[in-house]
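Everything on this sheet refers to the single structure shown next.
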Amino acid sequence: MKTLALFLGLLVSNFAFAQQDIEERDDNIITENNKNILKIDIKEPLLQIAVKNCNDFKAAGFEGGIPAYKEMLRKYMYDYLNSEFYILNGDFTFTLTVDQTGKVTNIEGAPKVANSEVFFDDMKYVVRRIKKNWIPASCNGQAVTSEIKIKMNFSSIATDL
């Protein structure tokens with residue numbers, strides 16, 4: 001009889017303490033999250049600006065080809081863009097300057113719109129995260145600095161989670 005009473009007492013106290021933990025939890029920890037769903041469409045082909053007075057211009061290339069660069073860029077954009085801080089909609093153009101060694105030395109974004117500087121800074125970070133070098137453009141057999149224009153279209157949808 002004592003064993004049964006002890007067993008029932010432990011069972012009831014276990015449920016009582018379990019209920020107390022739920023009732024005493026801190027609901028201030030739960031926060032609402034805003035999330036932007038970002039759709040990125042990188043246009044092809046990537047345009048290159050030819051060097052003036054060049055008879056034999058060969059455009060800059062990327063190891064694995066332009067489709068490999070596009071896919072890597074898209075993946076890095078989804079990973080590293082802070083899309084919670086801005087909403088992107090519309091067409092943007094980025095101009096990458098590739099020097100004679102194949103390194104991206106400058107990144108410029110256009111058009112300039114309200115709060116676009118934060119987005120352009122994020123894009124500079126994304127492009128610099130790609131560690132593979134370009135194969136530099138050449139003019140008459142000599143490596144030259146060239147510019148590559150990348151056109152993209154963004155669509156953002158803001159949601160509350």
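Quick note on naming: the chains in the structure tokens go A, B, ... in the order shown, residues restart at 1 in each chain, and ligands are numbered from 1 in order of appearance.
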
Can you pull out every residue within 10 Å of Gln142 (chain A), counting only C-alpha atoms, but drop anything in the same chain fewer than 5 positions away, and send it as a PyMOL selection string?
-> chain A and resi 56-58+100+136-137

Please provide as a list in words all residues within 9 Å of Asp122 (chain A), with the sequence filter that same-chain residues fewer than 6 positions apart are discarded (counting only C-alpha atoms).
->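 So, after excluding close chain neighbours, the residues are Met77, Tyr80, Leu81 and Asn82 of chain A.
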
Do a neighbour search on Asp91 (chain A) at 10 Å with only C-alpha atoms, toss out local chain neighbours closer than 6 positions, and write the hits as an NGL selection string.
-> :A and (41-43 or 110-111 or 151-155)

Selected residues written out, C-alpha atoms, as an mmCIF file, in the first residue's frame:
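Below is the file again17.cif, written as the result:
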data_model
loop_
_atom_site.group_PDB
_atom_site.id
_atom_site.type_symbol
_atom_site.label_atom_id
_atom_site.label_comp_id
_atom_site.auth_asym_id
_atom_site.auth_seq_id
_atom_site.Cartn_x
_atom_site.Cartn_y
_atom_site.Cartn_z
ATOM 1 C CA ASP A 41 18.044 36.187 -62.692
ATOM 2 C CA ILE A 42 21.544 36.747 -64.122
ATOM 3 C CA LYS A 43 21.294 37.570 -67.815
ATOM 4 C CA ALA A 110 24.065 50.850 -61.369
ATOM 5 C CA PRO A 111 21.488 52.353 -61.258
ATOM 6 C CA LYS A 151 23.051 42.388 -65.981
ATOM 7 C CA MET A 152 20.684 40.907 -63.411
ATOM 8 C CA ASN A 153 17.071 41.144 -62.440
ATOM 9 C CA PHE A 154 15.954 40.954 -58.813
ATOM 10 C CA SER A 155 12.551 40.241 -57.338
#

Quick one, how far is CA of Lys103 (chain A) from CA of Ile40 (chain A)?
-> 24.3 Å

If we count only C-alpha atoms, what is near Asn55 (chain A) at a cut-off of 10 Å, once residues fewer than 4 positions away on the same chain are taken out, given as JSON, numbers by chain?
-> {"A": [51, 139, 140]}

So that I have them on file, write out the residues from the current selection with C-alpha atoms, as a PDB file, in the first residue's frame.
ATOM      1  CA  VAL A  51      39.876  47.648 -76.003  1.00  0.00           C
ATOM      2  CA  CYS A 139      44.899  42.386 -77.265  1.00  0.00           C
ATOM      3  CA  ASN A 140      47.366  41.373 -79.962  1.00  0.00           C
TER       4      ASN A 140
END

Check the smallest atom-to-atom distance from each of A:Tyr69, A:Phe120, A:Tyr86, A:Phe62 to Ile157 (chain A) using only C-alpha atoms, then report the winner.
->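 Checking each candidate against Ile157 (chain A), we get A:Tyr86 as the closest.
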
I need the residues in region 11-158 of chain A that are alpha helix (DSSP H) according to DSSP; give them as a PDB file with C-alpha atoms, in the first residue's frame.
ATOM      1  CA  LEU A  11       3.450  10.371 -10.788  1.00  0.00           C
ATOM      2  CA  VAL A  12       1.290  13.342  -9.753  1.00  0.00           C
ATOM      3  CA  SER A  13       4.291  15.463  -8.710  1.00  0.00           C
ATOM      4  CA  ASN A  14       6.038  14.719 -12.019  1.00  0.00           C
ATOM      5  CA  PHE A  15       3.060  16.052 -13.970  1.00  0.00           C
ATOM      6  CA  ALA A  16       2.758  19.048 -11.642  1.00  0.00           C
ATOM      7  CA  PHE A  17       6.410  20.044 -12.112  1.00  0.00           C
ATOM      8  CA  ALA A  18       6.194  19.499 -15.872  1.00  0.00           C
ATOM      9  CA  GLN A  19       3.194  21.848 -16.039  1.00  0.00           C
ATOM     10  CA  GLN A  20       5.021  24.421 -13.928  1.00  0.00           C
ATOM     11  CA  ASP A  21       7.951  24.536 -16.392  1.00  0.00           C
ATOM     12  CA  ILE A  22       5.600  25.374 -19.267  1.00  0.00           C
ATOM     13  CA  GLU A  23       3.763  28.039 -17.290  1.00  0.00           C
ATOM     14  CA  ILE A  66      30.735  31.803 -68.022  1.00  0.00           C
ATOM     15  CA  PRO A  67      27.887  29.446 -66.959  1.00  0.00           C
ATOM     16  CA  ALA A  68      30.095  28.213 -64.081  1.00  0.00           C
ATOM     17  CA  TYR A  69      30.750  31.820 -63.015  1.00  0.00           C
ATOM     18  CA  LYS A  70      27.042  32.657 -63.186  1.00  0.00           C
ATOM     19  CA  GLU A  71      26.115  29.666 -61.043  1.00  0.00           C
ATOM     20  CA  MET A  72      28.860  30.394 -58.496  1.00  0.00           C
ATOM     21  CA  LEU A  73      27.849  34.069 -58.346  1.00  0.00           C
ATOM     22  CA  ARG A  74      24.184  33.167 -57.842  1.00  0.00           C
ATOM     23  CA  LYS A  75      25.060  30.704 -55.051  1.00  0.00           C
ATOM     24  CA  TYR A  76      27.262  33.246 -53.272  1.00  0.00           C
ATOM     25  CA  MET A  77      24.575  35.912 -53.620  1.00  0.00           C
ATOM     26  CA  TYR A  78      22.008  33.690 -51.918  1.00  0.00           C
ATOM     27  CA  ASP A  79      24.546  32.872 -49.194  1.00  0.00           C
ATOM     28  CA  TYR A  80      26.025  36.307 -48.501  1.00  0.00           C
ATOM     29  CA  SER A 116      21.347  51.017 -53.005  1.00  0.00           C
ATOM     30  CA  GLU A 117      24.790  51.701 -51.522  1.00  0.00           C
ATOM     31  CA  VAL A 118      24.307  48.970 -48.900  1.00  0.00           C
ATOM     32  CA  PHE A 119      23.315  46.522 -51.626  1.00  0.00           C
ATOM     33  CA  PHE A 120      26.286  47.527 -53.820  1.00  0.00           C
ATOM     34  CA  ASP A 121      28.661  47.077 -50.862  1.00  0.00           C
ATOM     35  CA  ASP A 122      27.218  43.599 -50.292  1.00  0.00           C
ATOM     36  CA  MET A 123      27.714  42.758 -53.971  1.00  0.00           C
ATOM     37  CA  LYS A 124      31.358  43.877 -53.791  1.00  0.00           C
ATOM     38  CA  TYR A 125      31.792  41.491 -50.863  1.00  0.00           C
ATOM     39  CA  VAL A 126      30.074  38.656 -52.779  1.00  0.00           C
ATOM     40  CA  VAL A 127      32.241  39.104 -55.896  1.00  0.00           C
ATOM     41  CA  ARG A 128      35.422  39.233 -53.812  1.00  0.00           C
ATOM     42  CA  ARG A 129      34.446  35.973 -52.060  1.00  0.00           C
TER      43      ARG A 129
END

Figure out the distance between CA of Leu46 (chain A) and CA of Ile135 (chain A), please, to one decimal in Å.
->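 Going from CA of Ile135 (chain A) over to CA of Leu46 (chain A) covers 14.5 Å.
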
Grab the CA of Ala60 (chain A) to CA of Ser138 (chain A) distance for me, in Å with one decimal place.
->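 CA of Ser138 (chain A) lies at a distance of 7.4 Å from CA of Ala60 (chain A).
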